[in-house]
Amino acid sequence: MTSYQFPSDFLWGAATSAYQIEGAANEGGRKPSVWDVFSARRGRVLNGDTGAIANDHYHRYESDVEWMVRLGIQHYRFSISWSRVIPDGRGQVNEVGMDFYRRLVDCLLAKGITPHITLFHWDSPQALETKYGSWRSREMATDFADYCTAVVQRLGDRVTNWMTLNEIICFTHLGYDVLQTPQHAPGTRVPRRKDVWQTSHHALLAHGLGCQAIRAASPQPCSIVLVDNPSITVPLTESPEDIAAAQKAFHVNWANGGIIFPVLTGAYSEIQWEQLGNDAPDILPGDLETIHQPLDALGLNIYTGIYVRATNNAQGYEFLDYAKGYPRLNMPWLWLVPDALYWGIRHIAEVLQRPELPLLITENGCAAQDEKTDKGEILDTDRIVYLREYLRSLHRAVAEGYPVRGYFAWSLMDNFEWSWGYEHRFGLLYNDYRTQQRTPKASFHWYAECIRQNRVV
Ligand code: GBH
């Protein structure tokens with residue numbers, strides 16, 4: 001019988017992002033981000049919700065840190081709002097905005113919680129969208145690097161864990177390749193597929209230049225991580241044939257071959273590049289070297305996966321539709337595929353051939369239709385089932401020796417779930433948006449117990 005025990009140095013954490021929790025959108029010199037503008041437009045976000053107030057974390061960070069202490073996490077991943085720190089996107093640094101992050105970091109450190117800072121989680125300054133179309137322009141990459149320098153110069157004395165960009169595909173392809181109902185800011189439709197791929201190429205450059213800027217500005221040795229959400233292929237059975245099929249399909253599952261491949265190998269996957277044909281982005285000499293920076297770890301956001309099996313067709317594999325009635329959590333895309341955690345980790349080692357690269361699960365979690373009982377409890381048994389199965393899958397990867405070092409639950413608390421507004425709740429803490437009262441869900445207590453015992457309970 002396995003007890004699902006984790007190594008004693010395994011990191012347990014939780015994650016959030018700036019726009020999803022901070023609020024205080026017009027305070028302390030902050031100017032609008034693309035998400036402020038996008039969510040204020042009618043029909044863009046469910047129920048007309050915006051992040052203007054969100055969880056009011058900007059004013060309540062101290063009590064939120066107290067909740068982290070109760071949860072028992074020793075690591076906290078959050079993001080910095082670029083438009084709070086450099087309101088116009090480039091140029092003048094807003095020290096009042098920086099002060100908020102100084103106070104937050106000091107509060108975490110005082111409680112023995114290590115900060116892991118994501119420099120970009122989708123909320124780019126609107127000024128740069130207006131000026132040059134943000135990720136449509138190469139200039140975005142250099143402006144991002146300058147912003148990294150400004151932050152690391154100011155926080156690098158007390159923060160050593162840096163994450164550059166969160167989920168490149170989401171703020172590029174899902175923001176610029178949109179038809180009638182855009183779900184992601186800025187919600188712009190670019191003319192050609194090639195232009196879409198150009199936006200993600202610029203984001204890759206931003207990552208590379210950002211890495212260089214962080215290393216140059218950091219006053220002490222630091223760790224640099226890219227947070228990616230590769231689309232995970234899961235072999236239908238673990239026969240050698242199905243495993244090979246899932247590994248081959250991994251190259252072209254959505255944009256894997258054009259994002260995670262160049263970052264980790266220094267080249268777009270040949271299979272994906274061939275499929276792209278005329279849609280491939282323009283790459284300048286030196287770009288791939290810039291993108292292919294040494295990383296201290298890779299962050300993986302894994303929520304779901306897709307089944308693949310070997311077939312006698314030209315490519316040798318096929319993607320399978322989800323069976324009618326296949327279990328899903330409270331999001332249209334959130335199929336329950338716990339094995340995706342294990343296979344995501346293994347694909348990095350075997351498909352990307354980076355078996356030595358330390359990995360962090362930087363996000364994993366699910367939305368549920370949380371409701372309070374008469375006694376005021378939130379009995380989110382569905383979330384517990386989800387997390388338990390995924391953690392068991394993670395444990396399998398650890399037990400087989402893959403270098404996965406830590407896990408961050410998404411999310412510490414319910415928050416602004418982008419175009420789904422506040423209706424879809426991902427938190428371990430329930431948030432009442434009328435009173436801003438946080439209430440621990442059953443999953444909060446369950447995860448706290450996992451951390452305390454350092455195993456899946
Ligand atoms: C993460 O994205 C984000 O980092 C985080 O901010 C967010 O709150 C959390 O997950 C929960 O959603 O509609 O079929 O095109 C999750 C990854 C990738 C999931 C894009 C939804 C769109 C599928 N997302 N995907 S579809």
# chains A, B, ... in the order shown; residues from 1 in each chain; ligands from 1
$ residues_near_ligand --ligand "ligand 1" --cutoff "8 Å" --atoms "only C-alpha atoms and all ligand atoms" --output "list in words"
Thr16, Ser17, Gln20, His121, Asn166, Glu167, Ile169, Cys170, Leu174, Gln183, Asn229, Asn301, Ile302, Tyr303, Pro332, Trp333, Leu334, Glu363, Asn364, Gly365, Cys366, Ala367, Trp410, Ser411, Asn415, Phe416, Glu417, Trp418 and Phe426 of chain A
$ write_last_selection --atoms "C-alpha atoms" --output "PDB file, in the first residue's frame"
ATOM      1  CA  THR A  16      -2.896  33.932  -7.390  1.00  0.00           C
ATOM      2  CA  SER A  17      -2.434  36.732  -9.929  1.00  0.00           C
ATOM      3  CA  GLN A  20      -7.598  38.534 -10.382  1.00  0.00           C
ATOM      4  CA  HIS A 121       0.092  37.397 -15.738  1.00  0.00           C
ATOM      5  CA  ASN A 166       2.352  33.141 -17.414  1.00  0.00           C
ATOM      6  CA  GLU A 167       0.887  30.979 -20.201  1.00  0.00           C
ATOM      7  CA  ILE A 169      -0.636  31.034 -25.513  1.00  0.00           C
ATOM      8  CA  CYS A 170      -3.418  32.655 -23.487  1.00  0.00           C
ATOM      9  CA  LEU A 174      -6.335  33.757 -27.291  1.00  0.00           C
ATOM     10  CA  GLN A 183     -12.640  35.767 -24.280  1.00  0.00           C
ATOM     11  CA  ASN A 229       0.661  25.514 -19.965  1.00  0.00           C
ATOM     12  CA  ASN A 301       0.175  24.868 -15.189  1.00  0.00           C
ATOM     13  CA  ILE A 302      -1.775  21.671 -15.694  1.00  0.00           C
ATOM     14  CA  TYR A 303      -5.533  21.369 -15.364  1.00  0.00           C
ATOM     15  CA  PRO A 332     -16.505  23.791 -20.189  1.00  0.00           C
ATOM     16  CA  TRP A 333     -12.846  22.898 -20.773  1.00  0.00           C
ATOM     17  CA  LEU A 334     -12.057  21.330 -17.418  1.00  0.00           C
ATOM     18  CA  GLU A 363      -0.983  25.874 -11.056  1.00  0.00           C
ATOM     19  CA  ASN A 364      -3.475  23.065 -10.626  1.00  0.00           C
ATOM     20  CA  GLY A 365      -7.005  23.252  -9.318  1.00  0.00           C
ATOM     21  CA  CYS A 366     -10.619  23.406 -10.366  1.00  0.00           C
ATOM     22  CA  ALA A 367     -13.782  25.447 -10.382  1.00  0.00           C
ATOM     23  CA  TRP A 410      -4.741  27.354  -7.923  1.00  0.00           C
ATOM     24  CA  SER A 411      -6.008  29.253  -6.173  1.00  0.00           C
ATOM     25  CA  ASN A 415     -11.066  35.428  -7.647  1.00  0.00           C
ATOM     26  CA  PHE A 416     -11.833  37.200 -10.919  1.00  0.00           C
ATOM     27  CA  GLU A 417     -11.853  34.276 -13.347  1.00  0.00           C
ATOM     28  CA  TRP A 418     -11.242  36.421 -16.443  1.00  0.00           C
ATOM     29  CA  PHE A 426     -11.332  28.206  -8.039  1.00  0.00           C
TER      30      PHE A 426
END
$ residues_around --residues "A:Glu22" --least-positions-apart "4" --cutoff "7 Å" --atoms "only C-alpha atoms" --output "ChimeraX atom specification"
/A:18,54-58
$ select_by_dssp --residues "stretch 240-425 of chain A" --states "alpha helix (DSSP H)" --output "PDB file with N, CA and C atoms, in the first residue's frame"
ATOM      1  N   PRO A 240       3.471   0.578 -25.305  1.00  0.00           N
ATOM      2  CA  PRO A 240       4.532   1.354 -25.968  1.00  0.00           C
ATOM      3  C   PRO A 240       3.993   2.112 -27.177  1.00  0.00           C
ATOM      4  N   GLU A 241       3.030   1.534 -27.896  1.00  0.00           N
ATOM      5  CA  GLU A 241       2.490   2.183 -29.094  1.00  0.00           C
ATOM      6  C   GLU A 241       1.712   3.452 -28.729  1.00  0.00           C
ATOM      7  N   ASP A 242       0.856   3.347 -27.731  1.00  0.00           N
ATOM      8  CA  ASP A 242       0.072   4.526 -27.351  1.00  0.00           C
ATOM      9  C   ASP A 242       0.963   5.602 -26.730  1.00  0.00           C
ATOM     10  N   ILE A 243       1.964   5.180 -25.983  1.00  0.00           N
ATOM     11  CA  ILE A 243       2.882   6.173 -25.402  1.00  0.00           C
ATOM     12  C   ILE A 243       3.613   6.910 -26.523  1.00  0.00           C
ATOM     13  N   ALA A 244       4.097   6.170 -27.506  1.00  0.00           N
ATOM     14  CA  ALA A 244       4.790   6.823 -28.629  1.00  0.00           C
ATOM     15  C   ALA A 244       3.846   7.768 -29.362  1.00  0.00           C
ATOM     16  N   ALA A 245       2.590   7.364 -29.486  1.00  0.00           N
ATOM     17  CA  ALA A 245       1.596   8.210 -30.165  1.00  0.00           C
ATOM     18  C   ALA A 245       1.392   9.515 -29.387  1.00  0.00           C
ATOM     19  N   ALA A 246       1.254   9.402 -28.067  1.00  0.00           N
ATOM     20  CA  ALA A 246       1.041  10.606 -27.246  1.00  0.00           C
ATOM     21  C   ALA A 246       2.272  11.514 -27.305  1.00  0.00           C
ATOM     22  N   GLN A 247       3.428  10.908 -27.373  1.00  0.00           N
ATOM     23  CA  GLN A 247       4.654  11.717 -27.416  1.00  0.00           C
ATOM     24  C   GLN A 247       4.776  12.465 -28.734  1.00  0.00           C
ATOM     25  N   LYS A 248       4.405  11.794 -29.815  1.00  0.00           N
ATOM     26  CA  LYS A 248       4.473  12.459 -31.118  1.00  0.00           C
ATOM     27  C   LYS A 248       3.418  13.560 -31.221  1.00  0.00           C
ATOM     28  N   ALA A 249       2.225  13.244 -30.733  1.00  0.00           N
ATOM     29  CA  ALA A 249       1.135  14.219 -30.809  1.00  0.00           C
ATOM     30  C   ALA A 249       1.409  15.442 -29.943  1.00  0.00           C
ATOM     31  N   PHE A 250       2.250  15.280 -28.918  1.00  0.00           N
ATOM     32  CA  PHE A 250       2.559  16.399 -28.021  1.00  0.00           C
ATOM     33  C   PHE A 250       3.147  17.589 -28.792  1.00  0.00           C
ATOM     34  N   ASN A 256       2.112  23.759 -28.650  1.00  0.00           N
ATOM     35  CA  ASN A 256       3.291  23.286 -27.906  1.00  0.00           C
ATOM     36  C   ASN A 256       4.584  23.455 -28.687  1.00  0.00           C
ATOM     37  N   GLY A 257       4.542  23.025 -29.954  1.00  0.00           N
ATOM     38  CA  GLY A 257       5.767  23.003 -30.762  1.00  0.00           C
ATOM     39  C   GLY A 257       6.334  24.380 -31.042  1.00  0.00           C
ATOM     40  N   GLY A 258       5.488  25.413 -30.868  1.00  0.00           N
ATOM     41  CA  GLY A 258       5.942  26.775 -31.134  1.00  0.00           C
ATOM     42  C   GLY A 258       6.135  27.595 -29.870  1.00  0.00           C
ATOM     43  N   ILE A 259       5.983  26.973 -28.711  1.00  0.00           N
ATOM     44  CA  ILE A 259       6.183  27.724 -27.465  1.00  0.00           C
ATOM     45  C   ILE A 259       7.156  26.987 -26.540  1.00  0.00           C
ATOM     46  N   ILE A 260       6.732  25.864 -26.023  1.00  0.00           N
ATOM     47  CA  ILE A 260       7.617  25.179 -25.073  1.00  0.00           C
ATOM     48  C   ILE A 260       8.872  24.631 -25.781  1.00  0.00           C
ATOM     49  N   PHE A 261       8.718  24.231 -27.050  1.00  0.00           N
ATOM     50  CA  PHE A 261       9.889  23.698 -27.762  1.00  0.00           C
ATOM     51  C   PHE A 261      10.989  24.743 -27.938  1.00  0.00           C
ATOM     52  N   PRO A 262      10.698  25.909 -28.530  1.00  0.00           N
ATOM     53  CA  PRO A 262      11.792  26.889 -28.662  1.00  0.00           C
ATOM     54  C   PRO A 262      12.404  27.294 -27.327  1.00  0.00           C
ATOM     55  N   VAL A 263      11.584  27.386 -26.277  1.00  0.00           N
ATOM     56  CA  VAL A 263      12.143  27.795 -24.980  1.00  0.00           C
ATOM     57  C   VAL A 263      13.135  26.753 -24.467  1.00  0.00           C
ATOM     58  N   LEU A 264      12.770  25.480 -24.587  1.00  0.00           N
ATOM     59  CA  LEU A 264      13.615  24.447 -23.976  1.00  0.00           C
ATOM     60  C   LEU A 264      14.667  23.870 -24.920  1.00  0.00           C
ATOM     61  N   THR A 265      14.444  23.973 -26.240  1.00  0.00           N
ATOM     62  CA  THR A 265      15.406  23.341 -27.151  1.00  0.00           C
ATOM     63  C   THR A 265      16.107  24.340 -28.070  1.00  0.00           C
ATOM     64  N   GLU A 270      10.084  20.750 -35.418  1.00  0.00           N
ATOM     65  CA  GLU A 270      10.029  20.609 -36.885  1.00  0.00           C
ATOM     66  C   GLU A 270       8.648  20.187 -37.358  1.00  0.00           C
ATOM     67  N   ILE A 271       8.026  19.322 -36.580  1.00  0.00           N
ATOM     68  CA  ILE A 271       6.704  18.834 -36.996  1.00  0.00           C
ATOM     69  C   ILE A 271       5.716  19.998 -37.009  1.00  0.00           C
ATOM     70  N   GLN A 272       5.753  20.829 -35.955  1.00  0.00           N
ATOM     71  CA  GLN A 272       4.829  21.963 -35.916  1.00  0.00           C
ATOM     72  C   GLN A 272       5.191  22.980 -37.010  1.00  0.00           C
ATOM     73  N   TRP A 273       6.462  23.211 -37.204  1.00  0.00           N
ATOM     74  CA  TRP A 273       6.909  24.210 -38.191  1.00  0.00           C
ATOM     75  C   TRP A 273       6.405  23.838 -39.582  1.00  0.00           C
ATOM     76  N   GLU A 274       6.484  22.551 -39.888  1.00  0.00           N
ATOM     77  CA  GLU A 274       6.003  22.076 -41.197  1.00  0.00           C
ATOM     78  C   GLU A 274       4.508  22.306 -41.344  1.00  0.00           C
ATOM     79  N   GLN A 275       3.789  22.005 -40.274  1.00  0.00           N
ATOM     80  CA  GLN A 275       2.331  22.202 -40.320  1.00  0.00           C
ATOM     81  C   GLN A 275       1.983  23.666 -40.499  1.00  0.00           C
ATOM     82  N   LEU A 276       2.792  24.551 -39.938  1.00  0.00           N
ATOM     83  CA  LEU A 276       2.488  25.985 -40.012  1.00  0.00           C
ATOM     84  C   LEU A 276       2.643  26.530 -41.419  1.00  0.00           C
ATOM     85  N   ASP A 287      17.231  35.444 -32.652  1.00  0.00           N
ATOM     86  CA  ASP A 287      16.023  35.322 -31.817  1.00  0.00           C
ATOM     87  C   ASP A 287      16.014  34.019 -31.020  1.00  0.00           C
ATOM     88  N   LEU A 288      16.323  32.927 -31.702  1.00  0.00           N
ATOM     89  CA  LEU A 288      16.186  31.633 -31.023  1.00  0.00           C
ATOM     90  C   LEU A 288      17.193  31.497 -29.887  1.00  0.00           C
ATOM     91  N   GLU A 289      18.361  32.090 -30.056  1.00  0.00           N
ATOM     92  CA  GLU A 289      19.351  32.074 -28.971  1.00  0.00           C
ATOM     93  C   GLU A 289      18.823  32.890 -27.781  1.00  0.00           C
ATOM     94  N   THR A 290      18.221  34.026 -28.098  1.00  0.00           N
ATOM     95  CA  THR A 290      17.669  34.873 -27.027  1.00  0.00           C
ATOM     96  C   THR A 290      16.580  34.123 -26.263  1.00  0.00           C
ATOM     97  N   ILE A 291      15.738  33.420 -27.003  1.00  0.00           N
ATOM     98  CA  ILE A 291      14.606  32.712 -26.392  1.00  0.00           C
ATOM     99  C   ILE A 291      15.081  31.538 -25.537  1.00  0.00           C
ATOM    100  N   ASP A 339      -4.172  11.931 -14.914  1.00  0.00           N
ATOM    101  CA  ASP A 339      -2.914  11.439 -15.484  1.00  0.00           C
ATOM    102  C   ASP A 339      -2.161  12.510 -16.264  1.00  0.00           C
ATOM    103  N   ALA A 340      -2.842  13.612 -16.588  1.00  0.00           N
ATOM    104  CA  ALA A 340      -2.163  14.699 -17.308  1.00  0.00           C
ATOM    105  C   ALA A 340      -0.997  15.255 -16.494  1.00  0.00           C
ATOM    106  N   LEU A 341      -1.120  15.211 -15.193  1.00  0.00           N
ATOM    107  CA  LEU A 341      -0.031  15.740 -14.367  1.00  0.00           C
ATOM    108  C   LEU A 341       1.223  14.884 -14.549  1.00  0.00           C
ATOM    109  N   TYR A 342       1.047  13.588 -14.449  1.00  0.00           N
ATOM    110  CA  TYR A 342       2.179  12.667 -14.632  1.00  0.00           C
ATOM    111  C   TYR A 342       2.757  12.789 -16.044  1.00  0.00           C
ATOM    112  N   TRP A 343       1.888  12.773 -17.041  1.00  0.00           N
ATOM    113  CA  TRP A 343       2.393  12.775 -18.419  1.00  0.00           C
ATOM    114  C   TRP A 343       2.991  14.119 -18.812  1.00  0.00           C
ATOM    115  N   GLY A 344       2.443  15.185 -18.268  1.00  0.00           N
ATOM    116  CA  GLY A 344       3.036  16.496 -18.548  1.00  0.00           C
ATOM    117  C   GLY A 344       4.483  16.535 -18.095  1.00  0.00           C
ATOM    118  N   ILE A 345       4.712  16.018 -16.920  1.00  0.00           N
ATOM    119  CA  ILE A 345       6.069  15.979 -16.357  1.00  0.00           C
ATOM    120  C   ILE A 345       6.962  15.060 -17.197  1.00  0.00           C
ATOM    121  N   ARG A 346       6.452  13.894 -17.526  1.00  0.00           N
ATOM    122  CA  ARG A 346       7.258  12.926 -18.278  1.00  0.00           C
ATOM    123  C   ARG A 346       7.563  13.411 -19.696  1.00  0.00           C
ATOM    124  N   HIS A 347       6.619  14.130 -20.307  1.00  0.00           N
ATOM    125  CA  HIS A 347       6.876  14.659 -21.656  1.00  0.00           C
ATOM    126  C   HIS A 347       8.052  15.644 -21.660  1.00  0.00           C
ATOM    127  N   ILE A 348       8.175  16.432 -20.594  1.00  0.00           N
ATOM    128  CA  ILE A 348       9.314  17.358 -20.550  1.00  0.00           C
ATOM    129  C   ILE A 348      10.617  16.564 -20.558  1.00  0.00           C
ATOM    130  N   ALA A 349      10.645  15.494 -19.800  1.00  0.00           N
ATOM    131  CA  ALA A 349      11.866  14.679 -19.734  1.00  0.00           C
ATOM    132  C   ALA A 349      12.120  13.941 -21.045  1.00  0.00           C
ATOM    133  N   GLU A 350      11.086  13.353 -21.621  1.00  0.00           N
ATOM    134  CA  GLU A 350      11.308  12.446 -22.755  1.00  0.00           C
ATOM    135  C   GLU A 350      11.086  13.078 -24.121  1.00  0.00           C
ATOM    136  N   THR A 381     -16.608  18.714  -1.924  1.00  0.00           N
ATOM    137  CA  THR A 381     -16.072  17.359  -2.085  1.00  0.00           C
ATOM    138  C   THR A 381     -15.578  17.124  -3.512  1.00  0.00           C
ATOM    139  N   ASP A 382     -16.198  17.793  -4.492  1.00  0.00           N
ATOM    140  CA  ASP A 382     -15.744  17.626  -5.873  1.00  0.00           C
ATOM    141  C   ASP A 382     -14.309  18.145  -6.039  1.00  0.00           C
ATOM    142  N   ARG A 383     -14.023  19.276  -5.391  1.00  0.00           N
ATOM    143  CA  ARG A 383     -12.664  19.818  -5.487  1.00  0.00           C
ATOM    144  C   ARG A 383     -11.661  18.902  -4.786  1.00  0.00           C
ATOM    145  N   ILE A 384     -12.072  18.335  -3.666  1.00  0.00           N
ATOM    146  CA  ILE A 384     -11.164  17.428  -2.958  1.00  0.00           C
ATOM    147  C   ILE A 384     -10.861  16.203  -3.820  1.00  0.00           C
ATOM    148  N   VAL A 385     -11.883  15.669  -4.453  1.00  0.00           N
ATOM    149  CA  VAL A 385     -11.653  14.516  -5.339  1.00  0.00           C
ATOM    150  C   VAL A 385     -10.678  14.888  -6.451  1.00  0.00           C
ATOM    151  N   TYR A 386     -10.930  16.037  -7.051  1.00  0.00           N
ATOM    152  CA  TYR A 386     -10.065  16.500  -8.147  1.00  0.00           C
ATOM    153  C   TYR A 386      -8.620  16.612  -7.662  1.00  0.00           C
ATOM    154  N   LEU A 387      -8.418  17.360  -6.579  1.00  0.00           N
ATOM    155  CA  LEU A 387      -7.051  17.607  -6.108  1.00  0.00           C
ATOM    156  C   LEU A 387      -6.374  16.306  -5.678  1.00  0.00           C
ATOM    157  N   ARG A 388      -7.111  15.460  -5.021  1.00  0.00           N
ATOM    158  CA  ARG A 388      -6.512  14.211  -4.536  1.00  0.00           C
ATOM    159  C   ARG A 388      -6.022  13.347  -5.705  1.00  0.00           C
ATOM    160  N   GLU A 389      -6.870  13.237  -6.725  1.00  0.00           N
ATOM    161  CA  GLU A 389      -6.463  12.406  -7.871  1.00  0.00           C
ATOM    162  C   GLU A 389      -5.246  13.006  -8.589  1.00  0.00           C
ATOM    163  N   TYR A 390      -5.231  14.330  -8.738  1.00  0.00           N
ATOM    164  CA  TYR A 390      -4.089  14.958  -9.422  1.00  0.00           C
ATOM    165  C   TYR A 390      -2.819  14.844  -8.570  1.00  0.00           C
ATOM    166  N   LEU A 391      -2.959  14.968  -7.263  1.00  0.00           N
ATOM    167  CA  LEU A 391      -1.773  14.848  -6.416  1.00  0.00           C
ATOM    168  C   LEU A 391      -1.239  13.420  -6.408  1.00  0.00           C
ATOM    169  N   ARG A 392      -2.117  12.451  -6.528  1.00  0.00           N
ATOM    170  CA  ARG A 392      -1.642  11.062  -6.622  1.00  0.00           C
ATOM    171  C   ARG A 392      -0.848  10.868  -7.911  1.00  0.00           C
ATOM    172  N   SER A 393      -1.327  11.508  -8.960  1.00  0.00           N
ATOM    173  CA  SER A 393      -0.632  11.417 -10.244  1.00  0.00           C
ATOM    174  C   SER A 393       0.739  12.117 -10.155  1.00  0.00           C
ATOM    175  N   LEU A 394       0.752  13.233  -9.457  1.00  0.00           N
ATOM    176  CA  LEU A 394       2.018  13.936  -9.223  1.00  0.00           C
ATOM    177  C   LEU A 394       2.965  13.056  -8.409  1.00  0.00           C
ATOM    178  N   HIS A 395       2.403  12.393  -7.430  1.00  0.00           N
ATOM    179  CA  HIS A 395       3.228  11.523  -6.593  1.00  0.00           C
ATOM    180  C   HIS A 395       3.880  10.408  -7.418  1.00  0.00           C
ATOM    181  N   ARG A 396       3.135   9.916  -8.382  1.00  0.00           N
ATOM    182  CA  ARG A 396       3.698   8.883  -9.260  1.00  0.00           C
ATOM    183  C   ARG A 396       4.954   9.412  -9.960  1.00  0.00           C
ATOM    184  N   ALA A 397       4.872  10.649 -10.435  1.00  0.00           N
ATOM    185  CA  ALA A 397       6.028  11.235 -11.124  1.00  0.00           C
ATOM    186  C   ALA A 397       7.213  11.380 -10.167  1.00  0.00           C
ATOM    187  N   VAL A 398       6.922  11.812  -8.951  1.00  0.00           N
ATOM    188  CA  VAL A 398       7.987  11.962  -7.947  1.00  0.00           C
ATOM    189  C   VAL A 398       8.599  10.592  -7.654  1.00  0.00           C
ATOM    190  N   ALA A 399       7.733   9.600  -7.459  1.00  0.00           N
ATOM    191  CA  ALA A 399       8.204   8.259  -7.101  1.00  0.00           C
ATOM    192  C   ALA A 399       9.054   7.647  -8.202  1.00  0.00           C
TER     193      ALA A 399
END
$ residues_around --residues "A:Trp12" --least-positions-apart "2" --cutoff "10 Å" --atoms "only C-alpha atoms" --output "VMD selection string"
chain A and resid 9 to 10 14 72 to 76 361 405 to 409 447 to 448 450 to 452 454
$ atom_distance --atom1 "atom CA of A:Gly376" --atom2 "atom CA of A:Ala24"
28.6 Å
$ closest_residue --among "A:Leu412, A:Asn330, A:Pro235, A:Gly13" --to "A:His424" --atoms "only C-alpha atoms"
A:Asn330
$ residues_around --residues "stretch 133-146 of chain A" --least-positions-apart "3" --cutoff "7 Å" --atoms "only C-alpha atoms" --output "JSON, numbers by chain"
{"A": [90, 128, 129, 130, 149, 150, 172, 198, 199, 202, 203, 205, 206, 209, 210, 213]}
$ write_last_selection --atoms "C-alpha atoms" --output "mmCIF file, in the first residue's frame"
data_model
loop_
_atom_site.group_PDB
_atom_site.id
_atom_site.type_symbol
_atom_site.label_atom_id
_atom_site.label_comp_id
_atom_site.auth_asym_id
_atom_site.auth_seq_id
_atom_site.Cartn_x
_atom_site.Cartn_y
_atom_site.Cartn_z
ATOM 1 C CA ARG A 90 7.586 52.304 -20.321
ATOM 2 C CA LEU A 128 1.266 49.951 -24.899
ATOM 3 C CA GLU A 129 -1.771 48.462 -26.618
ATOM 4 C CA THR A 130 -2.715 51.956 -27.746
ATOM 5 C CA THR A 149 14.894 45.422 -14.533
ATOM 6 C CA ALA A 150 12.906 48.060 -12.631
ATOM 7 C CA THR A 172 -1.239 35.976 -27.396
ATOM 8 C CA GLN A 198 4.066 36.613 -34.464
ATOM 9 C CA THR A 199 2.483 37.675 -31.147
ATOM 10 C CA HIS A 202 7.315 38.325 -29.469
ATOM 11 C CA ALA A 203 6.286 36.926 -26.107
ATOM 12 C CA LEU A 205 11.493 37.115 -27.018
ATOM 13 C CA ALA A 206 10.135 38.971 -23.997
ATOM 14 C CA LEU A 209 15.186 39.300 -22.759
ATOM 15 C CA GLY A 210 13.394 39.219 -19.401
ATOM 16 C CA ALA A 213 17.403 41.497 -17.487
#
$ closest_residue --among "A:Pro355, A:Glu449, A:Val456, A:Pro115" --to "A:Glu400" --atoms "only C-alpha atoms"
A:Pro355
